[in-house]
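> upload-v8.cif is reproduced below (mmCIF, C-alpha atoms).
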```cif
data_coords
#
loop_
_atom_site.label_atom_id
_atom_site.label_comp_id
_atom_site.auth_asym_id
_atom_site.auth_seq_id
_atom_site.Cartn_x
_atom_site.Cartn_y
_atom_site.Cartn_z
CA MET S 461 2.74 -22.79 -19.59
CA ILE S 462 6.51 -22.98 -19.59
CA GLU S 463 8.52 -21.14 -16.97
CA VAL S 464 11.64 -19.28 -18.08
CA ARG S 465 14.12 -18.61 -15.27
CA THR S 466 15.67 -15.52 -16.84
CA LEU S 467 14.57 -13.86 -20.06
CA ASP S 468 17.03 -13.06 -22.81
CA SER S 469 14.71 -10.50 -24.37
CA PHE S 470 11.36 -8.79 -23.85
CA ALA S 471 10.04 -10.64 -26.91
CA GLN S 472 10.16 -13.89 -24.95
CA ILE S 473 7.36 -12.71 -22.64
CA ALA S 474 4.11 -14.50 -23.40
CA GLN S 475 0.61 -14.19 -21.98
CA GLY S 476 -0.01 -16.81 -19.30
CA MET S 477 3.68 -17.23 -18.49
CA ASN S 478 4.40 -17.85 -14.80
CA LEU S 479 7.25 -16.04 -13.13
CA PRO S 480 9.68 -18.36 -11.35
CA PRO S 481 8.65 -18.32 -7.66
CA LEU S 482 10.98 -16.79 -5.12
CA ASP S 483 11.14 -18.08 -1.54
CA VAL S 484 12.48 -15.65 1.05
CA THR S 485 12.86 -15.93 4.80
CA ILE S 486 12.36 -12.57 6.49
CA THR S 487 13.98 -12.41 9.92
CA ARG S 488 13.84 -9.80 12.66
CA ALA S 489 17.37 -8.79 11.67
CA ASP S 490 16.01 -8.11 8.17
CA LEU S 491 13.40 -5.77 9.68
CA VAL S 492 16.09 -3.88 11.58
CA ARG S 493 18.25 -3.67 8.45
CA TYR S 494 15.32 -2.44 6.38
CA ALA S 495 14.27 0.09 9.02
CA GLY S 496 17.76 1.59 8.91
CA ALA S 497 18.01 1.61 5.13
CA SER S 498 14.56 3.11 4.61
CA ASP S 499 14.35 5.42 7.65
CA ASP S 500 11.15 3.64 8.66
CA TYR S 501 11.22 3.34 12.44
CA VAL S 502 7.49 2.85 13.00
CA ALA S 503 7.02 0.81 16.19
CA GLN S 504 4.72 -1.72 14.51
CA HIS S 505 7.87 -3.22 12.98
CA TRP S 506 10.02 -3.53 16.12
CA ASP S 507 7.97 -3.25 19.33
CA GLN S 508 6.80 -6.81 19.87
CA GLN S 509 5.19 -6.13 23.25
CA MET S 510 3.12 -3.28 21.86
CA MET S 511 1.96 -5.47 18.98
CA LEU S 512 1.09 -8.43 21.21
CA GLU S 513 -0.89 -6.15 23.50
CA ALA S 514 -2.72 -4.78 20.45
CA GLY S 515 -3.80 -8.29 19.43
CA PHE S 516 -1.25 -9.05 16.72
CA ASP S 517 0.80 -12.27 16.67
CA ASP S 518 4.15 -10.45 16.40
CA VAL S 519 5.73 -7.37 14.89
CA VAL S 520 4.63 -6.93 11.27
CA VAL S 521 6.95 -6.93 8.29
CA HIS S 522 7.16 -3.60 6.46
CA GLY S 523 4.72 -3.78 3.55
CA TRP S 524 7.32 -2.23 1.27
CA LEU S 525 9.90 -4.88 2.24
CA CYS S 526 7.50 -7.65 1.25
CA PHE S 527 6.88 -5.86 -2.04
CA ALA S 528 10.64 -5.40 -2.60
CA HIS S 529 10.96 -9.19 -2.62
CA MET S 530 8.01 -9.41 -5.04
CA CYS S 531 9.97 -7.01 -7.27
CA ARG S 532 13.00 -9.31 -7.03
CA CYS S 533 10.82 -12.11 -8.31
CA VAL S 534 10.24 -9.89 -11.37
CA THR S 535 13.79 -8.59 -11.83
CA ASN S 536 15.34 -12.06 -11.44
CA TRP S 537 13.19 -13.08 -14.42
CA ALA S 538 13.11 -9.89 -16.50
CA THR S 539 16.39 -8.22 -15.54
CA PRO S 540 16.82 -4.44 -15.79
CA ALA S 541 18.70 -5.10 -19.04
CA VAL S 542 15.47 -6.51 -20.51
CA ALA S 543 12.60 -4.58 -18.91
CA THR S 544 11.87 -1.45 -16.89
CA ILE S 545 9.25 -1.26 -14.15
CA VAL S 546 6.90 1.53 -15.22
CA SER S 547 4.16 1.35 -12.59
CA TYR S 548 2.58 -0.82 -9.94
CA ARG S 549 -0.35 -0.95 -7.52
CA ILE S 550 0.04 -2.83 -4.26
CA ARG S 551 -2.54 -3.91 -1.72
CA TYR S 552 -1.62 -5.38 1.66
CA LEU S 553 -4.30 -7.93 2.48
CA ARG S 554 -3.31 -9.14 5.94
CA PRO S 555 -0.49 -8.69 8.46
CA LEU S 556 2.75 -10.42 7.53
CA TYR S 557 4.93 -11.64 10.37
CA PRO S 558 8.62 -12.61 10.20
CA GLY S 559 9.09 -15.99 8.54
CA GLN S 560 9.12 -17.46 5.06
CA ILE S 561 7.21 -15.97 2.16
CA THR S 562 6.79 -17.17 -1.40
CA CYS S 563 6.52 -14.60 -4.18
CA GLY S 564 5.15 -15.33 -7.65
CA GLY S 565 3.40 -13.83 -10.61
CA LEU S 566 1.73 -14.27 -13.95
CA VAL S 567 1.87 -12.44 -17.29
CA GLU S 568 -1.66 -11.15 -17.87
CA GLU S 569 -1.19 -9.27 -21.13
CA VAL S 570 1.74 -8.45 -23.36
CA ASP S 571 2.42 -6.59 -26.58
CA ASP S 572 5.50 -5.06 -28.16
CA ASP S 573 5.43 -2.03 -25.86
CA LYS S 574 4.41 -3.34 -22.47
CA ALA S 575 3.65 -6.35 -20.30
CA GLN S 576 1.10 -6.39 -17.50
CA LEU S 577 1.78 -8.73 -14.58
CA SER S 578 -0.19 -9.83 -11.55
CA LEU S 579 2.00 -10.54 -8.52
CA TRP S 580 1.45 -12.07 -5.11
CA ALA S 581 3.21 -13.03 -1.90
CA ARG S 582 2.01 -15.85 0.35
CA ASN S 583 2.84 -16.47 3.98
CA MET S 584 3.84 -19.79 5.53
CA ALA S 585 0.16 -20.80 5.81
CA GLY S 586 -0.21 -20.31 2.05
CA GLU S 587 -2.40 -17.22 2.46
CA LYS S 588 -1.97 -14.29 0.09
CA VAL S 589 -0.63 -11.42 2.15
CA THR S 590 0.14 -8.92 -0.59
CA ILE S 591 -1.03 -8.59 -4.19
CA ALA S 592 0.05 -6.21 -6.91
CA ASP S 593 -0.35 -5.34 -10.56
CA MET S 594 2.73 -4.17 -12.45
CA VAL S 595 3.48 -2.78 -15.90
CA LEU S 596 6.85 -3.40 -17.58
CA ARG S 597 8.18 -1.88 -20.76
CA PRO S 598 11.07 -3.11 -22.91
CA VAL S 599 14.49 -1.53 -22.53
CA PRO S 600 15.36 0.11 -25.88
CA MET P 1273 -10.84 -16.25 -14.41
CA THR P 1274 -7.34 -14.96 -15.10
CA GLY P 1275 -4.92 -14.17 -12.33
CA HIS P 1276 -5.42 -10.50 -13.17
CA ASP P 1277 -9.19 -10.75 -12.74
CA LYS P 1278 -8.60 -12.57 -9.49
CA ASN P 1279 -6.18 -9.90 -8.28
CA GLU P 1280 -8.68 -7.20 -9.34
CA ARG P 1281 -11.39 -8.90 -7.34
CA GLU P 1282 -9.06 -9.22 -4.37
CA HIS P 1283 -8.13 -5.54 -4.66
CA GLU P 1284 -11.85 -4.69 -4.60
CA ALA P 1285 -12.66 -7.19 -1.85
CA SER P 1286 -9.84 -5.83 0.23
CA ALA P 1287 -11.06 -2.27 -0.29
CA ALA P 1288 -14.51 -3.38 0.85
CA ALA P 1289 -12.97 -5.15 3.82
CA ILE P 1290 -11.11 -1.99 4.75
CA SER P 1291 -14.29 0.03 4.50
CA GLY P 1292 -16.27 -2.63 6.27
CA THR P 1293 -19.08 -2.30 3.73
CA GLN P 1294 -20.44 -4.96 1.41
CA SER P 1295 -20.21 -2.82 -1.69
CA GLY P 1296 -17.24 -0.67 -0.78
CA ALA P 1297 -19.52 2.37 -1.03
CA GLU P 1298 -19.18 5.02 1.64
CA SER P 1299 -22.16 5.72 3.84
CA PRO P 1300 -23.00 9.27 4.91
CA LYS P 1301 -21.45 8.35 8.26
CA GLY P 1302 -18.24 7.59 6.36
CA MET P 1303 -17.72 11.06 4.98
CA ALA P 1304 -14.80 13.06 6.17
CA THR P 1305 -15.52 15.69 8.78
CA GLY P 1306 -15.02 19.38 8.30
CA GLU P 1307 -11.86 19.09 10.32
CA ASP P 1308 -10.56 16.48 7.88
CA HIS P 1309 -11.48 18.64 4.88
CA ASN P 1310 -9.52 21.52 6.35
CA LYS P 1311 -6.39 19.39 5.99
CA MET P 1312 -6.99 18.58 2.32
CA GLY P 1313 -4.33 19.98 0.07
CA ARG P 1314 -1.93 20.45 2.98
CA ARG P 1315 1.62 20.00 1.65
CA THR P 1316 4.97 19.14 3.16
CA MET P 1317 8.34 18.71 1.50
CA LEU P 1318 11.73 17.16 2.07
CA THR P 1319 14.86 17.26 -0.08
CA ARG P 1320 17.65 14.70 -0.10
CA HIS P 1321 20.93 14.40 -1.93
CA ILE P 1322 21.21 10.79 -3.13
CA GLU P 1323 24.41 9.11 -2.00
CA THR P 1324 25.83 5.92 -3.45
CA GLY P 1325 26.17 4.41 0.01
CA ALA P 1326 22.48 4.92 0.77
CA LEU P 1327 21.47 3.14 -2.43
CA LEU P 1328 23.83 0.24 -1.73
CA LYS P 1329 22.54 -0.04 1.84
CA PHE P 1330 18.95 -0.12 0.60
CA ALA P 1331 19.81 -2.73 -2.06
CA ARG P 1332 21.37 -4.93 0.62
CA ALA P 1333 18.38 -4.52 2.91
CA THR P 1334 16.00 -5.62 0.18
CA GLY P 1335 18.09 -8.54 -1.05
CA GLU P 1336 18.94 -7.00 -4.41
CA THR P 1337 21.97 -8.57 -6.06
CA GLY P 1338 21.73 -7.26 -9.63
CA PRO P 1339 24.74 -5.21 -10.75
CA MET P 1340 22.52 -2.28 -11.74
CA PHE P 1341 21.65 -1.90 -8.05
CA THR P 1342 24.88 -3.05 -6.42
CA ASP P 1343 27.83 -2.38 -8.70
CA ALA P 1344 28.90 1.09 -7.66
CA GLU P 1345 31.84 1.11 -10.07
CA GLY P 1346 29.73 0.20 -13.06
CA SER P 1347 32.28 -2.41 -14.09
CA GLN P 1348 29.72 -5.18 -14.48
CA TRP P 1349 26.82 -3.11 -15.64
CA GLU P 1350 27.76 -1.76 -19.04
CA LYS P 1351 24.68 0.28 -19.93
CA GLU P 1352 24.74 2.78 -17.10
CA HIS P 1353 25.91 3.21 -13.58
CA LEU P 1354 24.09 2.47 -10.37
CA VAL P 1355 20.38 3.22 -10.09
CA ALA P 1356 18.06 3.03 -7.09
CA PRO P 1357 16.29 -0.31 -6.53
CA PRO P 1358 12.63 -0.43 -7.62
CA THR P 1359 11.14 0.34 -4.20
CA TYR P 1360 13.61 3.02 -3.10
CA VAL P 1361 10.77 5.54 -3.57
CA ALA P 1362 9.38 4.18 -0.27
CA THR P 1363 12.16 5.93 1.64
CA PHE P 1364 10.58 9.31 0.84
CA CYS P 1365 7.18 8.39 2.25
CA GLU P 1366 8.15 9.65 5.69
CA VAL P 1367 7.26 13.08 4.28
CA LEU P 1368 3.63 11.99 4.63
CA GLY P 1369 4.09 12.27 8.38
CA GLY P 1370 3.60 15.99 7.85
CA VAL P 1371 0.17 15.61 6.24
CA PHE P 1372 -1.31 12.50 7.84
CA THR P 1373 -2.94 13.07 11.21
CA GLN P 1374 -2.41 10.82 14.23
CA HIS P 1375 -5.76 10.65 15.95
CA PRO P 1376 -5.39 10.05 19.70
CA GLU P 1377 -8.53 7.92 19.85
CA TYR P 1378 -7.00 5.39 17.44
CA ASN P 1379 -4.02 3.54 18.89
CA MET P 1380 -2.96 1.72 15.70
CA PHE P 1381 -2.23 2.70 12.13
CA LEU P 1382 -1.21 0.42 9.29
CA HIS P 1383 -0.22 0.86 5.71
CA SER P 1384 -2.87 -0.67 3.39
CA ALA P 1385 -2.06 0.20 -0.25
CA ASP P 1386 0.38 1.95 -2.58
CA ALA P 1387 0.37 2.97 -6.24
CA VAL P 1388 3.56 4.09 -7.99
CA VAL P 1389 4.33 5.47 -11.42
CA ASN P 1390 8.00 5.77 -12.42
CA TYR P 1391 9.18 8.25 -15.03
CA GLU P 1392 12.95 8.31 -14.54
CA PRO P 1393 15.40 6.33 -12.41
CA ILE P 1394 16.96 7.82 -9.28
CA ARG P 1395 20.77 7.86 -9.45
CA PRO P 1396 23.64 8.76 -7.12
CA GLY P 1397 24.25 12.48 -7.22
CA ASP P 1398 20.60 13.35 -7.78
CA THR P 1399 18.85 15.80 -5.52
CA ILE P 1400 15.30 14.60 -4.99
CA THR P 1401 12.55 16.75 -3.55
CA ALA P 1402 9.53 14.90 -2.23
CA THR P 1403 6.31 16.88 -2.00
CA ALA P 1404 3.47 15.26 -0.07
CA GLU P 1405 -0.16 16.27 -0.23
CA LEU P 1406 -3.14 14.89 1.63
CA SER P 1407 -5.59 13.78 -1.04
CA ASP P 1408 -8.42 12.06 0.82
CA VAL P 1409 -9.69 11.32 4.31
CA VAL P 1410 -12.62 8.98 4.86
CA ARG P 1411 -14.12 7.93 8.18
CA LYS P 1412 -15.82 4.55 8.10
CA LEU P 1413 -17.39 2.05 10.42
CA GLY P 1414 -15.39 -1.01 9.44
CA SER P 1415 -15.05 -4.55 10.66
CA ARG P 1416 -12.55 -3.26 13.23
CA GLY P 1417 -14.85 -0.50 14.38
CA PRO P 1418 -14.41 3.15 13.51
CA THR P 1419 -11.61 3.52 10.98
CA ILE P 1420 -10.00 6.51 9.33
CA VAL P 1421 -8.54 5.97 5.86
CA GLN P 1422 -6.06 8.66 4.85
CA ARG P 1423 -4.60 8.85 1.35
CA GLY P 1424 -1.65 10.97 0.36
CA MET P 1425 0.29 11.61 -2.82
CA VAL P 1426 4.07 12.03 -2.86
CA THR P 1427 5.65 13.53 -5.97
CA LEU P 1428 9.40 13.08 -6.41
CA THR P 1429 11.17 15.72 -8.49
CA ASN P 1430 14.85 15.75 -9.42
CA GLN P 1431 17.34 18.61 -9.63
CA TYR P 1432 16.28 19.30 -13.24
CA GLY P 1433 12.69 19.89 -12.16
CA ARG P 1434 11.50 16.65 -13.76
CA THR P 1435 9.11 14.31 -11.99
CA VAL P 1436 10.84 10.98 -11.41
CA SER P 1437 8.00 9.13 -9.63
CA THR P 1438 4.63 9.59 -8.00
CA VAL P 1439 3.72 7.49 -4.97
CA GLU P 1440 0.17 7.25 -3.64
CA VAL P 1441 -0.09 5.83 -0.13
CA GLU P 1442 -3.13 4.67 1.83
CA MET P 1443 -2.99 4.43 5.63
CA ARG P 1444 -5.67 3.25 8.02
CA SER P 1445 -6.05 4.18 11.68
CA PHE P 1446 -8.22 2.22 14.08
CA SER P 1447 -8.42 1.16 17.71
CA THR P 1448 -7.30 -2.33 18.70
CA HIS P 1449 -8.81 -1.91 22.16
CA ALA P 1450 -12.20 -2.75 20.67
CA THR P 1451 -11.50 -5.01 17.73
CA GLY P 1452 -8.08 -6.68 17.46
CA SER P 1453 -5.48 -6.65 14.71
CA GLY P 1454 -5.60 -5.49 11.11
CA ASN P 1455 -3.55 -5.51 7.95
CA ASP P 1456 -0.36 -4.04 6.71
#
```
Starting from the coordinates I provided, produce the structure as structure tokens.

Amino acid sequence: MIEVRTLDSFAQIAQGMNLPPLDVTITRADLVRYAGASDDYVAQHWDQQMMLEAGFDDVVVHGWLCFAHMCRCVTNWATPAVATIVSYRIRYLRPLYPGQITCGGLVEEVDDDKAQLSLWARNMAGEKVTIADMVLRPVP
Amino acid sequence: MTGHDKNEREHEASAAAISGTQSGAESPKGMATGEDHNKMGRRTMLTRHIETGALLKFARATGETGPMFTDAEGSQWEKEHLVAPPTYVATFCEVLGGVFTQHPEYNMFLHSADAVVNYEPIRPGDTITATAELSDVVRKLGSRGPTIVQRGMVTLTNQYGRTVSTVEVEMRSFSTHATGSGND
């Protein structure tokens, strides 16, 4: 199935279409920046010693920050001029630590009124860390 | 199998993994206690005036570069002025701190799932009221030992009384002293 970098219109969306993957490196500075912007100061995201003592490999990336990059994978492809995000369901499968992630997705179903996508993010080991389903609708 | 089917199966498998059961069904031991039920329906609220700077800061923190999320003057984005990035609703989830319970016997809690429905965009100048309600508490014996799964619903309403989004959040509490790390 062909991959379109950026859609010109909602009508270009086709079942089976892959979203262009997005590679992102999430650093500790990104976690600090996100904590400030989102008012999320939960220690799991900044207290490395606490997390190591609890058996984790490092501080964990905010689940919502990982999903924000998954959304960018969508909006880079179907810009807000083309499609609106109506709904989504996210599940965090395993802890994500700072480092590189790859986000991608697939068009599952599409008609004139909506498109249903499945989305994922993988860690550096290639494991799925977060999955989501999303519904888009065309911008009038 | 389509990617959707695969994601569905992973959603279900993950739910089973969280519960620590093969089928995902809850055993009688997994039912919430009377103490948990007493907290059902508990509500907390917070209200925020939405400032342009806060939206721009959030867009920067999440790597957004699209003019709809970053062009405060609206000079590049012709259809309408700035709107909140897609996951800005997450910033209201702190209101759940008023309905979720921190159990002293569990030293770790992690975010495990979210479900969002958007009805209207959030814009600078809006006044958003977030109302959180505890919707479910389940105690389970999972792969990490005793686990409490708490679910809460946050409803975001604007200054016109219209619902702009609903956000359902699932949080798990467990002890790492016995079992090691979990998800987020």
> Using only C-alpha atoms, find all polymer residues with an atom at most 9 Å away from the point (0.1, 2.5, 10.1); report them as a count of residues only.
11
> For the file shown, report as a ChimeraX atom specification the outcome of the PyMOL selection byres ((chain P and resi 1404-1410) around 8) at residue level.
/P:1302-1304,1308-1309,1311-1317,1367-1368,1370-1372,1402-1403,1411-1412,1420-1427
> Rounded to one decimal place, report the CA of Leu479 (chain S)-CA of Val534 (chain S) distance in Å.
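Computing the Euclidean distance for CA of Leu479 (chain S) and CA of Val534 (chain S) yields 7.1 Å.
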> If the cut-off is 7 Å, can you tell me the residues of chain S near chain P, counting only C-alpha atoms? I'd like them as a ChimeraX atom specification.
/S:490,493-494,497-499,514-516,523-525,528-529,532,546-555,566,568,578,591
> Those selected residues, please, written with C-alpha atoms and delivered as a compact mmCIF listing (two decimals), keeping the file's coordinate frame.

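File written: part_9.txt
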```txt
# COMPACT_ATOMS: atom_id res chain seq x y z
CA ASP S 490 16.01 -8.11 8.17
CA ARG S 493 18.25 -3.67 8.45
CA TYR S 494 15.32 -2.44 6.38
CA ALA S 497 18.01 1.61 5.13
CA SER S 498 14.56 3.11 4.61
CA ASP S 499 14.35 5.42 7.65
CA ALA S 514 -2.72 -4.78 20.45
CA GLY S 515 -3.80 -8.29 19.43
CA PHE S 516 -1.25 -9.05 16.72
CA GLY S 523 4.72 -3.78 3.55
CA TRP S 524 7.32 -2.23 1.27
CA LEU S 525 9.90 -4.88 2.24
CA ALA S 528 10.64 -5.40 -2.60
CA HIS S 529 10.96 -9.19 -2.62
CA ARG S 532 13.00 -9.31 -7.03
CA VAL S 546 6.90 1.53 -15.22
CA SER S 547 4.16 1.35 -12.59
CA TYR S 548 2.58 -0.82 -9.94
CA ARG S 549 -0.35 -0.95 -7.52
CA ILE S 550 0.04 -2.83 -4.26
CA ARG S 551 -2.54 -3.91 -1.72
CA TYR S 552 -1.62 -5.38 1.66
CA LEU S 553 -4.30 -7.93 2.48
CA ARG S 554 -3.31 -9.14 5.94
CA PRO S 555 -0.49 -8.69 8.46
CA LEU S 566 1.73 -14.27 -13.95
CA GLU S 568 -1.66 -11.15 -17.87
CA SER S 578 -0.19 -9.83 -11.55
CA ILE S 591 -1.03 -8.59 -4.19
```
> For this structure, which residues satisfy the selection - the PyMOL selection byres ((chain S and resi 507) around 12) - when it is evaluated on the file as given? I want them as a list in words.
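This file gives the following for the PyMOL selection byres ((chain S and resi 507) around 12): Arg488, Leu491, Val492, Tyr501, Val502, Ala503, Gln504, His505, Trp506, Gln508, Gln509, Met510, Met511, Leu512, Glu513, Ala514, Phe516, Asp517, Asp518, Val519, Val520 and Val521 of chain S.
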> Find, counting only C-alpha atoms, the residue in P:Glu1323, P:Gly1369, P:Glu1345, P:Phe1446 that gets nearest to Pro1418 (chain P).
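Among the listed residues, the smallest separation from Pro1418 (chain P) belongs to P:Phe1446.
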> Starting from the PyMOL selection byres ((chain S and resi 468-475) around 10), expand the selection into actual residues of this file and give them as a VMD selection string.
chain S and resid 461 to 462 464 to 467 476 to 478 537 to 539 541 to 543 566 to 577 596 to 600
> I need the residues from that last selection saved to file as a PDB file, in the coordinates of the input (with C-alpha atoms), if you can.

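Below is the file result.pdb, written as the result:
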```pdb
ATOM      1  CA  MET S 461       2.740 -22.790 -19.590  1.00  0.00           C
ATOM      2  CA  ILE S 462       6.510 -22.980 -19.590  1.00  0.00           C
ATOM      3  CA  VAL S 464      11.640 -19.280 -18.080  1.00  0.00           C
ATOM      4  CA  ARG S 465      14.120 -18.610 -15.270  1.00  0.00           C
ATOM      5  CA  THR S 466      15.670 -15.520 -16.840  1.00  0.00           C
ATOM      6  CA  LEU S 467      14.570 -13.860 -20.060  1.00  0.00           C
ATOM      7  CA  GLY S 476      -0.010 -16.810 -19.300  1.00  0.00           C
ATOM      8  CA  MET S 477       3.680 -17.230 -18.490  1.00  0.00           C
ATOM      9  CA  ASN S 478       4.400 -17.850 -14.800  1.00  0.00           C
ATOM     10  CA  TRP S 537      13.190 -13.080 -14.420  1.00  0.00           C
ATOM     11  CA  ALA S 538      13.110  -9.890 -16.500  1.00  0.00           C
ATOM     12  CA  THR S 539      16.390  -8.220 -15.540  1.00  0.00           C
ATOM     13  CA  ALA S 541      18.700  -5.100 -19.040  1.00  0.00           C
ATOM     14  CA  VAL S 542      15.470  -6.510 -20.510  1.00  0.00           C
ATOM     15  CA  ALA S 543      12.600  -4.580 -18.910  1.00  0.00           C
ATOM     16  CA  LEU S 566       1.730 -14.270 -13.950  1.00  0.00           C
ATOM     17  CA  VAL S 567       1.870 -12.440 -17.290  1.00  0.00           C
ATOM     18  CA  GLU S 568      -1.660 -11.150 -17.870  1.00  0.00           C
ATOM     19  CA  GLU S 569      -1.190  -9.270 -21.130  1.00  0.00           C
ATOM     20  CA  VAL S 570       1.740  -8.450 -23.360  1.00  0.00           C
ATOM     21  CA  ASP S 571       2.420  -6.590 -26.580  1.00  0.00           C
ATOM     22  CA  ASP S 572       5.500  -5.060 -28.160  1.00  0.00           C
ATOM     23  CA  ASP S 573       5.430  -2.030 -25.860  1.00  0.00           C
ATOM     24  CA  LYS S 574       4.410  -3.340 -22.470  1.00  0.00           C
ATOM     25  CA  ALA S 575       3.650  -6.350 -20.300  1.00  0.00           C
ATOM     26  CA  GLN S 576       1.100  -6.390 -17.500  1.00  0.00           C
ATOM     27  CA  LEU S 577       1.780  -8.730 -14.580  1.00  0.00           C
ATOM     28  CA  LEU S 596       6.850  -3.400 -17.580  1.00  0.00           C
ATOM     29  CA  ARG S 597       8.180  -1.880 -20.760  1.00  0.00           C
ATOM     30  CA  PRO S 598      11.070  -3.110 -22.910  1.00  0.00           C
ATOM     31  CA  VAL S 599      14.490  -1.530 -22.530  1.00  0.00           C
ATOM     32  CA  PRO S 600      15.360   0.110 -25.880  1.00  0.00           C
TER      33      PRO S 600
END
```
> To one decimal in Å, tell me the separation between CA of Ile486 (chain S) and CA of Arg582 (chain S).
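Computed distance, CA of Ile486 (chain S) to CA of Arg582 (chain S), equals 12.5 Å.
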